Amino acid sequence: MDDRERVQKDEAKGPPEEDPRIAGEKHPVARMIAIGVVASLVGIAIALLIDWFPEPASKSASDIDRLYDVLLICSVPVFVLVMTIAIYSVVRFRAKPGDMGDGPPIHGNAKLEVFWVTVPFIMVTLLAIYGWYELDNIEAKQKNEMVVNVTGQQFTWTFEYPEEKVQTKELVLPVNRAIEFKIHSKDVIHSFWVPQFRLKSDAVPGLTTRIRLTPDKEGNYEVVCAELCGLGHSTMRQFVRVVPAGEFQSWLSDQKKAAGGGGAAAPSGEELFTSSGCAGCHTLAAAGATAKVGPDLGKLDDASDAFIRKSIVDPNAQIEKGYKPDVMPQNFGSDLSKEELDALVKYLLESQE
Ligand code: CUA
């Protein structure tokens, strides 16, 4: 018998009957599993006790929360079991000081490998089917839906009620009415998110993304941008107000009247300042704007018509000390009409302190 054959023969015998490092210990594997089960139960209890989300305020929120709890109940024991075995092995089977030898040769364990491939595969498949089923319910078309267009731009949200031709900065929704949000972006990727509604969708330039939901609790919630979109990302927050249906209708007709009531008067400079998103980045005392991404527009060094006009249309032409180029969107020249630009410039000239 040469050396190679001897080694193969030894390997075939497998590890010695008793590993000296756990000699005398009764049921080491059973003990490890028991520790794992107890740790899993503690882990699940902690995971379920944590308040992961704010108060739910839409019809699908309870289904989404349940799905999340099921995911926690399935994934926490897997995580805890793997960590328990890893930590247990590190502690129990560590080498004695000075032991430089190899460990016993191990051939693997077919039964164990089949087990740890099959069980996670079945778990993940069932969870995927459950998730798909819930998503299908959430995305299903509802009766009597109201469309609301949502537009993100650096750094503000604009909401439009297309049937009523009303555009606002505040999102107002009637309670218990199905809404279909059509989400757009004018510049970079933003993400439209109301944590209490649980649903979130990216606003992608050139695409229309959609969310369907039914608010079912009156109140004020925050609309948050959840995608890093530039310096003013953290200021891209507005409000959604969920109100009774009657109150919504009267709010809507007020908005319609304010927008011109048929006469379609041009928006004032002050309205343009807010609706174009200037307030998302700039301070202007006259408009109650306090953002600090860009310079204070009430304290311009050069308060001339030409300078203000140039700075809106071509913001990189002259950069105020302490500020960076390419932060302000460069599409205002094309987005604002000649009349709108005139009104905005006039308003800024009048708003100097
Ligand atoms: Cu828009 Cu972040």
# chains A, B, ... in the order shown; residues from 1 in each chain; ligands from 1
$ select_by_dssp --residues "region 68-258 of chain A" --states "alpha helix (DSSP H)" --output "ChimeraX atom specification"
/A:68-92,110-139,245-258
$ residues_near_ligand --ligand "ligand 1" --cutoff "6 Å" --atoms "only C-alpha atoms and all ligand atoms" --output "mmCIF file with N, CA and C atoms, in the first residue's frame"
data_model
loop_
_atom_site.group_PDB
_atom_site.id
_atom_site.type_symbol
_atom_site.label_atom_id
_atom_site.label_comp_id
_atom_site.auth_asym_id
_atom_site.auth_seq_id
_atom_site.Cartn_x
_atom_site.Cartn_y
_atom_site.Cartn_z
ATOM 1 N N GLN A 154 -35.970 69.003 -9.051
ATOM 2 C CA GLN A 154 -35.076 69.499 -8.005
ATOM 3 C C GLN A 154 -35.598 70.837 -7.509
ATOM 4 N N PHE A 155 -36.070 71.063 -6.320
ATOM 5 C CA PHE A 155 -36.274 70.078 -5.279
ATOM 6 C C PHE A 155 -37.677 70.283 -4.733
ATOM 7 N N HIS A 190 -36.164 60.829 -8.707
ATOM 8 C CA HIS A 190 -36.642 61.083 -7.348
ATOM 9 C C HIS A 190 -37.443 59.859 -6.913
ATOM 10 N N CYS A 225 -39.084 62.680 -0.485
ATOM 11 C CA CYS A 225 -38.306 62.155 -1.604
ATOM 12 C C CYS A 225 -37.330 61.141 -1.027
ATOM 13 N N ALA A 226 -37.377 59.918 -1.560
ATOM 14 C CA ALA A 226 -36.581 58.836 -0.974
ATOM 15 C C ALA A 226 -35.450 58.398 -1.902
ATOM 16 N N GLU A 227 -34.993 59.301 -2.757
ATOM 17 C CA GLU A 227 -33.888 58.960 -3.651
ATOM 18 C C GLU A 227 -32.957 60.168 -3.671
ATOM 19 N N LEU A 228 -31.692 59.949 -3.332
ATOM 20 C CA LEU A 228 -30.739 61.058 -3.305
ATOM 21 C C LEU A 228 -30.710 61.730 -4.680
ATOM 22 N N CYS A 229 -31.151 63.016 -4.728
ATOM 23 C CA CYS A 229 -31.339 63.639 -6.032
ATOM 24 C C CYS A 229 -30.566 64.937 -6.166
ATOM 25 N N HIS A 233 -31.937 67.443 -1.688
ATOM 26 C CA HIS A 233 -32.736 66.220 -1.502
ATOM 27 C C HIS A 233 -33.506 66.207 -0.179
ATOM 28 N N MET A 236 -36.716 68.154 0.123
ATOM 29 C CA MET A 236 -37.802 67.837 -0.812
ATOM 30 C C MET A 236 -38.944 67.139 -0.069
#
$ residues_around --residues "Ala343 (chain A)" --least-positions-apart "2" --cutoff "12 Å" --atoms "only C-alpha atoms" --output "ChimeraX atom specification"
/A:266-273,305,308-309,336-341,345-350
$ write_last_selection --atoms "N, CA and C atoms" --output "short mmCIF file (atom, residue, chain, number, x, y, z; two decimals), in the first residue's frame"
data_model
loop_
_atom_site.label_atom_id
_atom_site.label_comp_id
_atom_site.auth_asym_id
_atom_site.auth_seq_id
_atom_site.Cartn_x
_atom_site.Cartn_y
_atom_site.Cartn_z
N ALA A 266 -52.92 84.89 -15.88
CA ALA A 266 -51.55 84.39 -15.76
C ALA A 266 -51.18 84.32 -14.28
N PRO A 267 -50.43 83.30 -13.88
CA PRO A 267 -50.03 83.20 -12.48
C PRO A 267 -49.14 84.37 -12.10
N SER A 268 -49.27 84.81 -10.85
CA SER A 268 -48.45 85.94 -10.40
C SER A 268 -47.03 85.47 -10.16
N GLY A 269 -46.12 86.44 -10.02
CA GLY A 269 -44.72 86.10 -9.76
C GLY A 269 -44.58 85.29 -8.49
N GLU A 270 -45.38 85.64 -7.47
CA GLU A 270 -45.30 84.94 -6.20
C GLU A 270 -45.72 83.47 -6.38
N GLU A 271 -46.82 83.26 -7.14
CA GLU A 271 -47.26 81.89 -7.39
C GLU A 271 -46.20 81.10 -8.17
N LEU A 272 -45.59 81.77 -9.13
CA LEU A 272 -44.55 81.11 -9.93
C LEU A 272 -43.34 80.73 -9.08
N PHE A 273 -43.02 81.62 -8.13
CA PHE A 273 -41.89 81.35 -7.25
C PHE A 273 -42.08 80.02 -6.54
N ASP A 305 -32.70 93.74 -13.44
CA ASP A 305 -33.56 92.88 -14.26
C ASP A 305 -32.70 91.90 -15.07
N ILE A 308 -31.00 89.07 -12.88
CA ILE A 308 -31.96 88.08 -12.37
C ILE A 308 -32.41 87.17 -13.51
N ARG A 309 -32.73 87.79 -14.62
CA ARG A 309 -33.20 87.04 -15.79
C ARG A 309 -32.14 86.02 -16.24
N LEU A 336 -40.40 78.00 -18.49
CA LEU A 336 -41.21 79.19 -18.21
C LEU A 336 -41.48 79.93 -19.53
N SER A 337 -42.71 80.40 -19.66
CA SER A 337 -43.02 81.20 -20.85
C SER A 337 -42.41 82.60 -20.67
N LYS A 338 -42.39 83.37 -21.74
CA LYS A 338 -41.85 84.73 -21.68
C LYS A 338 -42.58 85.54 -20.60
N GLU A 339 -43.94 85.42 -20.57
CA GLU A 339 -44.74 86.18 -19.59
C GLU A 339 -44.42 85.73 -18.17
N GLU A 340 -44.26 84.40 -18.02
CA GLU A 340 -43.97 83.88 -16.68
C GLU A 340 -42.61 84.37 -16.18
N LEU A 341 -41.64 84.33 -17.09
CA LEU A 341 -40.30 84.80 -16.73
C LEU A 341 -40.34 86.29 -16.33
N VAL A 345 -39.28 87.66 -12.64
CA VAL A 345 -38.20 88.63 -12.48
C VAL A 345 -38.72 89.87 -11.76
N LYS A 346 -39.92 90.32 -12.16
CA LYS A 346 -40.51 91.52 -11.55
C LYS A 346 -40.74 91.27 -10.06
N TYR A 347 -41.27 90.07 -9.75
CA TYR A 347 -41.55 89.73 -8.35
C TYR A 347 -40.27 89.71 -7.52
N LEU A 348 -39.19 89.15 -8.08
CA LEU A 348 -37.91 89.09 -7.33
C LEU A 348 -37.34 90.50 -7.12
N LEU A 349 -37.50 91.35 -8.16
CA LEU A 349 -37.02 92.74 -8.02
C LEU A 349 -37.76 93.46 -6.89
N GLU A 350 -39.07 93.18 -6.80
CA GLU A 350 -39.88 93.84 -5.77
C GLU A 350 -39.64 93.27 -4.38
#
$ closest_residue --among "A:Ala203, A:Ala128, A:Val243, A:Leu213" --to "Ala178 (chain A)" --atoms "only C-alpha atoms"
A:Leu213
$ closest_residue --among "A:Gln196, A:Ser185, A:Thr209, A:Gln330" --to "Glu222 (chain A)" --atoms "only C-alpha atoms"
A:Gln196
$ select_by_dssp --residues "region 118-341 of chain A" --states "strand (DSSP E or B)" --output "ChimeraX atom specification"
/A:146-153,156-161,166-168,171-174,179-185,190-193,200-203,209-213,215,219-225,237-243,283-284,289-290
$ atom_distance --atom1 "CA of His184 (chain A)" --atom2 "CA of Val327 (chain A)"
20.1 Å
$ atom_distance --atom1 "CA of Glu160 (chain A)" --atom2 "CA of Pro215 (chain A)"
17.4 Å
$ decode --residues "region 183-194 of chain A" --atoms "all heavy atoms" --output "compact mmCIF listing (two decimals), in the first residue's frame"
# COMPACT_ATOMS: atom_id res chain seq x y z
N ILE A 183 -46.61 59.07 -11.88
CA ILE A 183 -45.45 59.76 -11.33
C ILE A 183 -44.44 60.07 -12.44
O ILE A 183 -44.08 59.20 -13.22
CB ILE A 183 -44.82 58.89 -10.22
CG1 ILE A 183 -45.89 58.62 -9.15
CG2 ILE A 183 -43.62 59.57 -9.61
CD1 ILE A 183 -45.59 57.43 -8.29
N HIS A 184 -44.02 61.33 -12.49
CA HIS A 184 -43.08 61.79 -13.53
C HIS A 184 -41.92 62.53 -12.87
O HIS A 184 -42.00 62.93 -11.71
CB HIS A 184 -43.76 62.77 -14.49
CG HIS A 184 -45.16 62.40 -14.85
ND1 HIS A 184 -45.48 61.77 -16.02
CD2 HIS A 184 -46.33 62.54 -14.17
CE1 HIS A 184 -46.78 61.56 -16.06
NE2 HIS A 184 -47.32 62.01 -14.95
N SER A 185 -40.86 62.74 -13.64
CA SER A 185 -39.77 63.59 -13.16
C SER A 185 -39.34 64.53 -14.28
O SER A 185 -39.34 64.16 -15.45
CB SER A 185 -38.58 62.74 -12.73
OG SER A 185 -37.47 63.59 -12.51
N LYS A 186 -38.98 65.76 -13.89
CA LYS A 186 -38.53 66.73 -14.90
C LYS A 186 -37.04 66.68 -15.11
O LYS A 186 -36.53 67.22 -16.08
CB LYS A 186 -38.90 68.15 -14.45
CG LYS A 186 -40.33 68.54 -14.75
CD LYS A 186 -40.47 70.04 -14.56
CE LYS A 186 -41.92 70.46 -14.70
NZ LYS A 186 -42.09 71.85 -14.26
N ASP A 187 -36.29 66.12 -14.13
CA ASP A 187 -34.84 66.19 -14.26
C ASP A 187 -34.14 64.87 -13.93
O ASP A 187 -33.79 64.12 -14.82
CB ASP A 187 -34.29 67.35 -13.41
CG ASP A 187 -35.04 67.52 -12.10
OD1 ASP A 187 -35.32 66.49 -11.46
OD2 ASP A 187 -35.35 68.66 -11.71
N VAL A 188 -33.97 64.58 -12.64
CA VAL A 188 -33.24 63.37 -12.26
C VAL A 188 -34.21 62.40 -11.58
O VAL A 188 -35.41 62.67 -11.50
CB VAL A 188 -32.07 63.72 -11.30
CG1 VAL A 188 -31.09 64.64 -11.97
CG2 VAL A 188 -32.61 64.34 -10.02
N ILE A 189 -33.70 61.29 -11.10
CA ILE A 189 -34.57 60.31 -10.44
C ILE A 189 -34.88 60.76 -9.01
O ILE A 189 -33.99 61.09 -8.24
CB ILE A 189 -33.91 58.91 -10.41
CG1 ILE A 189 -33.65 58.43 -11.85
CG2 ILE A 189 -34.81 57.92 -9.68
CD1 ILE A 189 -32.96 57.08 -11.91
N HIS A 190 -36.16 60.83 -8.71
CA HIS A 190 -36.64 61.08 -7.35
C HIS A 190 -37.44 59.86 -6.91
O HIS A 190 -37.63 58.93 -7.70
CB HIS A 190 -37.54 62.32 -7.31
CG HIS A 190 -36.90 63.56 -7.86
ND1 HIS A 190 -36.16 64.42 -7.09
CD2 HIS A 190 -36.89 64.08 -9.11
CE1 HIS A 190 -35.71 65.41 -7.84
NE2 HIS A 190 -36.15 65.23 -9.09
N SER A 191 -37.92 59.87 -5.69
CA SER A 191 -38.77 58.76 -5.26
C SER A 191 -39.91 59.29 -4.40
O SER A 191 -39.69 59.93 -3.38
CB SER A 191 -37.94 57.73 -4.49
OG SER A 191 -38.74 56.62 -4.20
N PHE A 192 -41.11 59.05 -4.89
CA PHE A 192 -42.33 59.56 -4.24
C PHE A 192 -42.74 58.60 -3.13
O PHE A 192 -43.02 57.43 -3.39
CB PHE A 192 -43.43 59.65 -5.30
CG PHE A 192 -44.79 60.03 -4.76
CD1 PHE A 192 -45.01 61.27 -4.19
CD2 PHE A 192 -45.85 59.13 -4.84
CE1 PHE A 192 -46.26 61.61 -3.71
CE2 PHE A 192 -47.11 59.48 -4.37
CZ PHE A 192 -47.31 60.71 -3.80
N TRP A 193 -42.77 59.09 -1.90
CA TRP A 193 -42.99 58.20 -0.78
C TRP A 193 -43.80 58.88 0.33
O TRP A 193 -43.47 60.00 0.73
CB TRP A 193 -41.64 57.76 -0.20
CG TRP A 193 -41.74 56.71 0.86
CD1 TRP A 193 -42.67 55.72 0.96
CD2 TRP A 193 -40.87 56.54 1.99
NE1 TRP A 193 -42.42 54.94 2.07
CE2 TRP A 193 -41.32 55.41 2.72
CE3 TRP A 193 -39.73 57.22 2.45
CZ2 TRP A 193 -40.70 54.97 3.88
CZ3 TRP A 193 -39.11 56.76 3.59
CH2 TRP A 193 -39.59 55.65 4.30
N VAL A 194 -44.85 58.22 0.75
CA VAL A 194 -45.58 58.63 1.95
C VAL A 194 -45.53 57.42 2.89
O VAL A 194 -46.22 56.43 2.66
CB VAL A 194 -47.06 58.99 1.63
CG1 VAL A 194 -47.79 59.39 2.91
CG2 VAL A 194 -47.12 60.12 0.61
